[in-house]
$ cat data-v3.tsv   # TSV, C-alpha atoms
chain	number	residue	atom	x	y	z
A	230	MET	CA	16.06	-58.85	-30.32
A	231	ILE	CA	17.75	-61.07	-32.94
A	232	LYS	CA	14.97	-63.67	-32.73
A	233	HIS	CA	12.35	-60.90	-32.89
A	234	PHE	CA	13.82	-59.55	-36.13
A	235	MET	CA	14.08	-63.04	-37.61
A	236	LYS	CA	10.43	-63.79	-36.88
A	237	LYS	CA	8.97	-60.39	-37.73
A	238	TYR	CA	10.92	-59.69	-40.93
A	239	ALA	CA	11.65	-63.24	-42.19
A	240	MET	CA	15.39	-62.62	-41.92
A	241	SER	CA	18.29	-64.97	-41.45
A	242	GLU	CA	20.23	-64.87	-38.18
A	243	THR	CA	23.06	-63.02	-39.93
A	244	GLY	CA	20.63	-60.52	-41.44
A	245	ALA	CA	18.95	-59.89	-38.08
A	246	ASN	CA	22.32	-59.37	-36.43
A	247	ASN	CA	23.34	-56.94	-39.19
A	248	LEU	CA	20.06	-55.07	-38.74
A	249	LYS	CA	20.84	-54.69	-35.05
A	250	LYS	CA	24.27	-53.27	-35.92
A	251	ALA	CA	22.71	-50.91	-38.50
A	252	ILE	CA	20.26	-49.60	-35.89
A	253	PHE	CA	23.14	-48.91	-33.51
A	254	SER	CA	25.22	-47.08	-36.13
A	255	ARG	CA	22.21	-45.02	-37.28
A	256	THR	CA	21.45	-44.11	-33.65
A	257	ILE	CA	25.01	-42.80	-33.24
A	258	LEU	CA	24.66	-40.88	-36.52
A	259	ASN	CA	21.40	-39.29	-35.32
A	260	LEU	CA	23.07	-38.22	-32.08
A	261	THR	CA	25.95	-36.59	-33.97
A	262	LYS	CA	23.41	-34.36	-35.71
A	263	MET	CA	23.14	-32.54	-32.39
A	264	PHE	CA	26.74	-31.31	-32.78
A	265	PRO	CA	25.77	-28.13	-34.71
A	266	PRO	CA	23.26	-27.00	-32.04
A	267	ILE	CA	25.84	-27.69	-29.34
A	268	ILE	CA	28.43	-25.52	-31.12
A	269	ALA	CA	25.79	-22.84	-31.60
A	270	PHE	CA	25.03	-23.09	-27.88
A	271	MET	CA	28.72	-22.61	-27.04
A	272	PHE	CA	28.97	-19.57	-29.33
A	273	ILE	CA	25.78	-17.97	-28.01
A	274	PHE	CA	26.78	-18.67	-24.41
A	275	GLN	CA	30.11	-16.95	-24.92
A	276	SER	CA	28.61	-14.01	-26.86
A	277	LEU	CA	25.81	-13.35	-24.38
A	278	SER	CA	27.71	-14.06	-21.17
A	279	ASP	CA	27.78	-10.36	-20.38
A	280	ILE	CA	23.99	-10.15	-20.68
A	281	ASP	CA	23.72	-13.01	-18.24
A	282	ASN	CA	25.90	-11.05	-15.76
A	283	ALA	CA	28.38	-13.91	-15.47
A	284	GLY	CA	31.97	-14.31	-16.47
A	285	ALA	CA	32.57	-16.19	-19.67
A	286	SER	CA	33.31	-19.76	-18.66
A	287	ILE	CA	34.00	-20.48	-22.33
A	288	ALA	CA	36.70	-18.34	-23.92
A	289	LEU	CA	37.16	-19.57	-27.48
A	290	THR	CA	38.64	-17.64	-30.36
A	291	PRO	CA	37.38	-17.85	-33.96
A	292	ARG	CA	40.29	-20.18	-34.65
A	293	HIS	CA	39.08	-22.52	-31.93
A	294	TYR	CA	35.59	-22.57	-33.44
A	295	VAL	CA	37.00	-23.36	-36.89
A	296	LEU	CA	39.00	-26.25	-35.45
A	297	ILE	CA	35.96	-27.53	-33.54
A	298	ILE	CA	33.78	-27.35	-36.65
A	299	LEU	CA	36.38	-29.18	-38.74
A	300	ALA	CA	36.70	-31.87	-36.08
A	301	MET	CA	32.92	-32.14	-35.91
A	302	LEU	CA	32.66	-32.53	-39.70
A	303	PHE	CA	35.36	-35.20	-39.67
A	304	VAL	CA	33.60	-37.19	-36.94
A	305	MET	CA	30.22	-36.89	-38.68
A	306	PHE	CA	31.75	-37.97	-42.00
A	307	PHE	CA	33.45	-40.97	-40.39
A	308	ILE	CA	30.28	-42.06	-38.61
A	309	ALA	CA	28.16	-41.52	-41.75
A	310	ARG	CA	30.56	-43.67	-43.79
A	311	TRP	CA	30.58	-46.34	-41.08
A	312	ASP	CA	26.78	-46.26	-40.96
A	313	TYR	CA	26.51	-46.49	-44.77
A	314	ALA	CA	28.65	-49.63	-44.86
A	315	ARG	CA	26.69	-51.25	-42.05
A	316	LEU	CA	23.31	-50.30	-43.44
A	317	TYR	CA	23.27	-50.53	-47.22
A	318	THR	CA	25.95	-53.17	-47.77
A	319	ASN	CA	24.40	-55.52	-45.22
A	320	VAL	CA	20.86	-54.91	-46.45
A	321	TYR	CA	21.67	-55.80	-50.05
A	322	SER	CA	23.67	-58.83	-48.91
A	323	GLU	CA	20.69	-60.05	-46.88
A	324	SER	CA	18.38	-59.42	-49.84
A	325	ALA	CA	20.62	-61.54	-52.06
A	326	ASN	CA	20.67	-64.31	-49.44
A	327	VAL	CA	16.86	-64.23	-49.15
A	328	ARG	CA	16.52	-64.49	-52.94
A	329	ILE	CA	18.87	-67.48	-53.00
A	330	ASP	CA	17.02	-69.09	-50.08
A	331	ILE	CA	13.66	-68.64	-51.82
A	332	ALA	CA	15.04	-70.10	-55.06
A	333	ASN	CA	16.43	-73.12	-53.19
A	334	ARG	CA	13.12	-73.69	-51.41
A	335	LEU	CA	11.14	-73.39	-54.65
A	336	LYS	CA	13.20	-76.27	-56.04
A	337	LYS	CA	12.09	-78.46	-53.14
A	338	LEU	CA	8.39	-77.53	-53.00
A	339	PRO	CA	5.81	-80.06	-54.24
A	340	LEU	CA	4.25	-79.58	-57.67
A	341	SER	CA	0.86	-78.96	-56.03
A	342	TYR	CA	2.18	-75.65	-54.69
A	343	PHE	CA	2.94	-74.39	-58.19
A	344	GLY	CA	-0.50	-75.47	-59.32
A	345	LYS	CA	-2.03	-73.09	-56.79
A	346	ARG	CA	0.31	-70.17	-57.47
A	347	ASN	CA	0.65	-68.30	-60.71
A	348	THR	CA	4.16	-68.13	-62.18
A	349	SER	CA	3.98	-64.35	-62.49
A	350	ASP	CA	3.07	-64.12	-58.79
A	351	LEU	CA	6.19	-66.10	-57.84
A	352	ALA	CA	8.30	-64.00	-60.21
A	353	ALA	CA	6.92	-60.82	-58.64
A	354	THR	CA	7.84	-62.12	-55.18
A	355	MET	CA	11.38	-62.87	-56.32
A	356	MET	CA	11.90	-59.57	-58.14
A	357	SER	CA	9.55	-56.66	-57.34
A	358	ASP	CA	8.81	-57.74	-53.75
A	359	MET	CA	12.49	-58.23	-53.00
A	360	SER	CA	13.32	-54.84	-54.56
A	361	LEU	CA	10.75	-53.26	-52.26
A	362	TYR	CA	12.21	-55.32	-49.38
A	363	GLU	CA	15.64	-53.81	-50.10
A	364	GLU	CA	14.26	-50.28	-50.26
A	365	ILE	CA	12.29	-50.58	-47.03
A	366	PHE	CA	15.18	-52.06	-45.05
A	367	SER	CA	17.72	-49.61	-46.43
A	368	HIS	CA	15.58	-46.48	-46.00
A	369	ALA	CA	12.98	-47.17	-43.31
A	370	VAL	CA	13.32	-49.95	-40.75
A	371	PRO	CA	16.75	-49.12	-39.21
A	372	GLN	CA	15.96	-45.39	-39.30
A	373	ILE	CA	12.69	-45.88	-37.42
A	374	TYR	CA	14.29	-47.91	-34.62
A	375	ALA	CA	17.33	-45.62	-34.46
A	376	THR	CA	15.26	-42.43	-34.41
A	377	ALA	CA	13.07	-43.82	-31.62
A	378	ILE	CA	16.18	-44.57	-29.53
A	379	SER	CA	18.05	-41.32	-30.25
A	380	THR	CA	14.93	-39.18	-29.75
A	381	THR	CA	14.27	-40.86	-26.41
A	382	ILE	CA	17.84	-40.13	-25.26
A	383	ILE	CA	17.68	-36.48	-26.38
A	384	SER	CA	14.19	-36.05	-24.85
A	385	ILE	CA	15.42	-37.28	-21.47
A	386	LEU	CA	18.31	-34.80	-21.58
A	387	ILE	CA	16.01	-31.93	-22.56
A	388	LEU	CA	13.42	-32.74	-19.88
A	389	ASN	CA	16.16	-33.04	-17.29
A	390	TYR	CA	17.54	-29.64	-18.25
A	391	ASN	CA	14.21	-27.80	-18.19
A	392	LEU	CA	10.98	-29.71	-17.64
A	393	LYS	CA	8.52	-26.99	-18.71
A	394	LEU	CA	10.29	-26.08	-21.95
A	395	GLY	CA	10.97	-29.76	-22.60
A	396	LEU	CA	7.25	-30.58	-22.41
A	397	ALA	CA	6.48	-27.61	-24.63
A	398	ALA	CA	8.90	-28.98	-27.22
A	399	LEU	CA	8.07	-32.67	-27.01
A	400	TRP	CA	4.29	-32.89	-26.63
A	401	VAL	CA	3.80	-32.75	-30.39
A	402	ILE	CA	5.83	-35.93	-31.02
A	403	PRO	CA	3.44	-38.49	-29.44
A	404	VAL	CA	0.40	-36.58	-30.71
A	405	SER	CA	1.63	-36.47	-34.32
A	406	LEU	CA	2.61	-40.16	-34.21
A	407	LEU	CA	-0.77	-41.03	-32.73
A	408	ILE	CA	-2.57	-39.24	-35.55
A	409	PHE	CA	-0.42	-41.06	-38.08
A	410	PHE	CA	-1.12	-44.46	-36.49
A	411	LEU	CA	-4.87	-43.77	-36.38
A	412	SER	CA	-4.85	-43.77	-40.18
A	413	LYS	CA	-2.94	-47.09	-40.33
A	414	ASN	CA	-6.00	-49.24	-41.06
A	415	LYS	CA	-7.06	-46.97	-43.89
A	416	ARG	CA	-3.55	-47.02	-45.39
A	417	LYS	CA	-3.25	-50.79	-44.94
A	418	LYS	CA	-6.53	-51.49	-46.75
A	419	SER	CA	-5.55	-49.18	-49.60
A	420	ASN	CA	-2.17	-50.90	-49.92
A	421	GLU	CA	-3.70	-54.38	-49.90
A	422	LYS	CA	-6.17	-53.44	-52.64
A	423	TRP	CA	-3.41	-51.98	-54.78
A	424	ILE	CA	-1.11	-54.98	-54.30
A	425	GLU	CA	-3.93	-57.35	-55.24
A	426	LYS	CA	-4.82	-55.32	-58.32
A	427	ASN	CA	-1.16	-55.03	-59.31
A	428	ARG	CA	-0.82	-58.83	-59.09
A	429	GLU	CA	-3.81	-59.17	-61.39
A	430	VAL	CA	-2.12	-56.88	-63.91
A	431	LEU	CA	1.08	-58.94	-63.78
A	432	ASP	CA	-0.87	-62.20	-64.16
A	433	ASP	CA	-2.82	-60.79	-67.09
A	434	PHE	CA	0.36	-59.52	-68.75
A	435	GLN	CA	2.08	-62.90	-68.51
A	436	GLU	CA	-1.04	-64.67	-69.76
A	437	LYS	CA	-1.22	-62.38	-72.80
A	438	ILE	CA	2.47	-62.97	-73.57
A	439	GLU	CA	1.96	-66.73	-73.42
A	440	GLN	CA	-1.08	-66.47	-75.70
A	441	ILE	CA	0.46	-64.03	-78.18
A	442	GLN	CA	0.24	-66.49	-81.09
A	443	GLU	CA	-3.48	-67.12	-80.55
A	444	ILE	CA	-4.13	-63.40	-80.07
A	445	LYS	CA	-2.42	-62.49	-83.34
A	446	SER	CA	-4.00	-65.45	-85.18
A	447	TYR	CA	-7.51	-64.30	-84.26
A	448	ASN	CA	-6.71	-60.61	-84.77
A	449	LEU	CA	-7.51	-59.71	-81.16
A	450	GLU	CA	-4.62	-57.31	-80.55
A	451	GLU	CA	-6.74	-54.18	-80.06
A	452	LYS	CA	-9.30	-55.90	-77.86
A	453	VAL	CA	-6.67	-57.51	-75.64
A	454	GLN	CA	-4.68	-54.28	-75.44
A	455	LYS	CA	-7.79	-52.34	-74.43
A	456	GLN	CA	-8.63	-54.86	-71.68
A	457	PHE	CA	-5.07	-54.81	-70.39
A	458	PHE	CA	-4.88	-51.00	-70.24
A	459	GLU	CA	-8.20	-50.87	-68.39
A	460	LYS	CA	-6.74	-53.10	-65.66
A	461	LEU	CA	-3.53	-51.08	-65.67
A	462	GLN	CA	-5.46	-47.82	-65.24
A	463	LYS	CA	-7.38	-49.27	-62.28
A	464	SER	CA	-4.11	-50.34	-60.67
A	465	THR	CA	-2.59	-46.90	-61.28
A	466	LYS	CA	-5.68	-45.22	-59.81
A	467	MET	CA	-5.46	-47.40	-56.70
A	468	LYS	CA	-1.77	-46.56	-56.35
A	469	GLY	CA	-2.70	-42.88	-56.54
A	470	ASN	CA	-5.24	-43.40	-53.74
A	471	VAL	CA	-2.53	-45.04	-51.62
A	472	GLU	CA	-0.22	-42.09	-52.17
A	473	ILE	CA	-2.97	-39.60	-51.32
A	474	VAL	CA	-3.98	-41.36	-48.09
A	475	THR	CA	-0.36	-41.74	-46.98
A	476	GLY	CA	0.59	-38.24	-48.13
A	477	VAL	CA	-2.25	-36.60	-46.18
A	478	ALA	CA	-1.27	-38.49	-43.00
A	479	VAL	CA	2.42	-37.62	-43.43
A	480	ALA	CA	1.72	-33.96	-44.24
A	481	PHE	CA	-0.68	-33.47	-41.33
A	482	SER	CA	1.67	-35.15	-38.84
A	483	GLY	CA	4.58	-33.06	-40.14
A	484	MET	CA	2.57	-29.83	-39.82
A	485	LEU	CA	1.65	-30.73	-36.24
A	486	LEU	CA	5.33	-31.22	-35.40
A	487	LYS	CA	5.98	-27.60	-36.40
A	488	MET	CA	3.60	-26.51	-33.65
A	489	GLY	CA	6.26	-27.55	-31.15
A	490	VAL	CA	8.40	-24.58	-32.20
A	491	VAL	CA	5.42	-22.29	-31.61
A	492	THR	CA	4.71	-23.68	-28.13
A	493	VAL	CA	8.38	-23.42	-27.19
A	494	ALA	CA	8.48	-19.82	-28.42
A	495	VAL	CA	5.32	-18.83	-26.50
A	496	THR	CA	6.21	-20.75	-23.33
A	497	GLY	CA	9.79	-19.48	-23.45
A	498	VAL	CA	8.71	-15.83	-23.73
A	499	GLN	CA	6.41	-16.22	-20.72
A	500	MET	CA	9.19	-17.86	-18.68
A	501	LEU	CA	11.68	-15.21	-19.86
A	502	PHE	CA	9.48	-12.35	-18.65
A	503	ALA	CA	8.82	-14.22	-15.40
A	504	GLY	CA	12.56	-14.50	-14.83
A	505	GLU	CA	12.49	-18.33	-14.85
A	506	ILE	CA	15.03	-18.55	-17.69
A	507	ASN	CA	17.48	-16.20	-19.38
A	508	ILE	CA	17.73	-15.25	-23.04
A	509	LEU	CA	20.49	-17.82	-23.58
A	510	VAL	CA	18.33	-20.80	-22.53
A	511	TYR	CA	15.45	-19.45	-24.62
A	512	ILE	CA	17.54	-19.23	-27.80
A	513	VAL	CA	19.17	-22.61	-27.23
A	514	PHE	CA	15.79	-24.32	-26.81
A	515	LEU	CA	14.52	-22.80	-30.04
A	516	ILE	CA	17.58	-24.19	-31.87
A	517	MET	CA	17.30	-27.59	-30.18
A	518	THR	CA	13.59	-27.84	-30.91
A	519	ALA	CA	14.08	-27.19	-34.61
A	520	SER	CA	16.80	-29.87	-34.72
A	521	ILE	CA	15.00	-32.63	-32.83
A	522	TYR	CA	12.03	-32.69	-35.22
A	523	LEU	CA	14.07	-33.41	-38.38
A	524	PRO	CA	14.58	-37.17	-37.80
A	525	ILE	CA	10.97	-37.48	-36.59
A	526	GLU	CA	9.70	-36.04	-39.87
A	527	GLY	CA	11.96	-38.51	-41.65
A	528	ILE	CA	10.55	-41.60	-39.94
A	529	ILE	CA	6.97	-40.41	-40.45
A	530	ALA	CA	7.67	-40.33	-44.18
A	531	PHE	CA	9.34	-43.76	-43.94
A	532	MET	CA	6.33	-45.21	-42.15
A	533	GLY	CA	4.42	-44.90	-45.41
A	534	MET	CA	6.82	-47.53	-46.79
A	535	ILE	CA	6.38	-49.73	-43.71
A	536	ASP	CA	2.71	-50.13	-44.65
A	537	MET	CA	3.80	-52.35	-47.55
A	538	LEU	CA	6.24	-54.37	-45.45
A	539	ASP	CA	3.64	-56.75	-43.99
A	540	SER	CA	2.50	-57.86	-47.44
A	541	VAL	CA	6.06	-58.34	-48.70
A	542	VAL	CA	7.23	-60.24	-45.60
A	543	GLY	CA	4.01	-62.27	-45.60
A	544	ARG	CA	4.73	-63.62	-49.08
A	545	ILE	CA	8.33	-64.42	-48.17
A	546	LYS	CA	7.21	-66.21	-45.00
A	547	GLU	CA	4.65	-68.19	-46.99
A	548	ILE	CA	7.37	-69.64	-49.20
A	549	LYS	CA	9.81	-70.18	-46.33
A	550	THR	CA	7.25	-72.01	-44.19
A	551	MET	CA	5.87	-74.28	-46.91
A	552	PRO	CA	6.72	-77.94	-46.23
A	553	ILE	CA	9.34	-79.13	-48.69
A	554	GLN	CA	9.65	-82.52	-50.31
A	555	GLU	CA	12.32	-84.55	-48.60
A	556	GLY	CA	13.95	-87.80	-49.60
A	557	LYS	CA	17.20	-89.55	-50.29
A	558	THR	CA	19.60	-88.10	-52.83
A	559	GLU	CA	20.86	-91.57	-53.78
A	560	PHE	CA	18.71	-94.50	-54.84
A	561	CYS	CA	19.96	-97.99	-55.69
A	562	PRO	CA	16.95	-100.25	-56.40
A	563	ARG	CA	17.23	-104.02	-56.40
A	564	ASN	CA	14.70	-104.18	-59.23
A	565	TYR	CA	12.34	-101.90	-61.10
A	566	ASP	CA	9.05	-103.08	-59.68
A	567	ILE	CA	6.52	-100.30	-58.98
A	568	GLU	CA	4.45	-100.89	-55.88
A	569	PHE	CA	1.43	-98.90	-54.66
A	570	GLN	CA	0.45	-99.33	-51.04
A	571	ASN	CA	-2.83	-97.88	-49.77
A	572	VAL	CA	-2.86	-95.02	-52.29
A	573	SER	CA	-5.74	-92.52	-52.32
A	574	PHE	CA	-6.29	-89.65	-54.73
A	575	GLY	CA	-8.93	-87.07	-55.47
A	576	TYR	CA	-9.73	-83.57	-56.75
A	577	GLU	CA	-10.47	-81.24	-53.83
A	578	ASP	CA	-13.50	-82.90	-52.12
A	579	TYR	CA	-14.10	-85.44	-54.88
A	580	SER	CA	-12.44	-88.85	-54.28
A	581	VAL	CA	-11.22	-90.79	-57.35
A	582	ILE	CA	-9.40	-93.76	-55.81
A	583	LYS	CA	-9.18	-94.83	-52.22
A	584	ASP	CA	-6.82	-97.19	-50.46
A	585	VAL	CA	-5.52	-98.87	-53.64
A	586	SER	CA	-2.61	-101.36	-53.46
A	587	PHE	CA	-0.94	-103.26	-56.31
A	588	LYS	CA	2.50	-104.09	-57.75
A	589	ALA	CA	3.63	-103.60	-61.37
A	590	LYS	CA	6.50	-106.05	-61.72
A	591	GLN	CA	9.53	-105.58	-63.89
A	592	GLY	CA	9.28	-107.42	-67.21
A	593	GLU	CA	5.48	-107.78	-67.04
A	594	VAL	CA	2.67	-105.73	-68.61
A	595	THR	CA	0.43	-104.02	-66.11
A	596	ALA	CA	-2.63	-102.08	-67.34
A	597	LEU	CA	-4.62	-99.48	-65.42
A	598	ILE	CA	-8.17	-99.10	-66.77
A	599	GLY	CA	-10.78	-96.57	-65.75
$ encode --input "data-v3.tsv" --output "structure tokens"
Amino acid sequence: MIKHFMKKYAMSETGANNLKKAIFSRTILNLTKMFPPIIAFMFIFQSLSDIDNAGASIALTPRHYVLIILAMLFVMFFIARWDYARLYTNVYSESANVRIDIANRLKKLPLSYFGKRNTSDLAATMMSDMSLYEEIFSHAVPQIYATAISTTIISILILNYNLKLGLAALWVIPVSLLIFFLSKNKRKKSNEKWIEKNREVLDDFQEKIEQIQEIKSYNLEEKVQKQFFEKLQKSTKMKGNVEIVTGVAVAFSGMLLKMGVVTVAVTGVQMLFAGEINILVYIVFLIMTASIYLPIEGIIAFMGMIDMLDSVVGRIKEIKTMPIQEGKTEFCPRNYDIEFQNVSFGYEDYSVIKDVSFKAKQGEVTALIG
């Protein structure tokens, strides 16, 4: 799993290990959110034990319930604090380490790399991309993994308790996720177009700043401003399209999840009248169903952020995988002769010199003509 995180998200080994820990702590936190339904189950079971024609196996006083609730709140607070430290602190530490690593690699990259990349593009990778990286890994990635694990555990327990009601409650989860994933290509294309257009705006802005003297000298302020705002409006419009496409997918998937409560209610009533379950099981399943969908709705909303992750990680990987210039840090020459051995040079497909060798000796005049 550590190697998978390192490869997929361009993380260091420490960062991948911290992500694993954050997923575990968030999974535990998600499971503790089932405490309130469990307490409600205990209260309903005790209150309706007479209706079920059975002796109350749970005999708790209001004082007991208060103590249980206080203990539950304390445990949830402790786990939430533990999860916060593991998640946010580690994420921002990893982000800082990635920034430092990128800066160190940029110092070692050949000059040809900077000739192909605009300075504003590199600055955007270091700043805006890394800010988005922090946001995604602090609000989306661990939650998605943790919710998948905790939901699987809870689903197994529910299905084991009552298969028919469990299926009535859980069928909407894979269907809603499937619908959301079917729109992934559309969301991805919209995101890529917006990112590309946003880069153009940043490049244009830096270019105009660098040319501010020429712009003011030739009295081109209004023209340049108009051109810049036209590009900015196109970028803003594309961002709006991204939000609409993602918002529709999230809203529709969330609405479909709500249908699970309806199917549980209808199926439960039929089973209640058929004598397959009692009123206690029916009420408990309605409470459990409403609770299990909350983290699912959360990760569906977070998945909209995941759409941008591939582009961000792709740029980070590009810098991290670029071959760096290597050499000795110390150099003690015997003389200051400059020797060329089999040197070739050209512009793209056009060759200028090929296989040239000569030596410019110290203390002599050497001229290169042509």
$ closest_residue --input "data-v3.tsv" --among "A:Ile508, A:Ala352, A:Val585, A:Leu392" --to "Ser276 (chain A)" --atoms "all atoms listed in the file"
A:Ile508
$ closest_atom_pairs --input "data-v3.tsv" --of "region 513-568 of chain A" --to "region 253-265 of chain A" --cutoff "8 Å" --atoms "all atoms listed in the file" --output "CSV"
residue,atom,partner,partner_atom,distance
A:Met517,CA,A:Met263,CA,8.0
A:Ser520,CA,A:Met263,CA,7.3
A:Pro524,CA,A:Asn259,CA,7.6
$ atom_distance --input "data-v3.tsv" --atom1 "CA of Ser341 (chain A)" --atom2 "CA of Lys437 (chain A)"
23.7 Å
$ residues_near_point --input "data-v3.tsv" --point "(-2.2, -39.4, -50.7)" --cutoff "12 Å" --atoms "only C-alpha atoms" --output "number ranges by chain"
A: 412, 415-416, 419-420, 466-481, 530, 533
$ atom_distance --input "data-v3.tsv" --atom1 "CA of Glu436 (chain A)" --atom2 "CA of Met359 (chain A)"
22.5 Å
$ residues_around --input "data-v3.tsv" --residues "Ser241 (chain A)" --least-positions-apart "5" --cutoff "10 Å" --atoms "only C-alpha atoms" --output "list in words"
Ile231, Lys232, Phe234, Met235, Lys236, Asn246, Asn247, Glu323, Asn326, Val327 and Asp330 of chain A
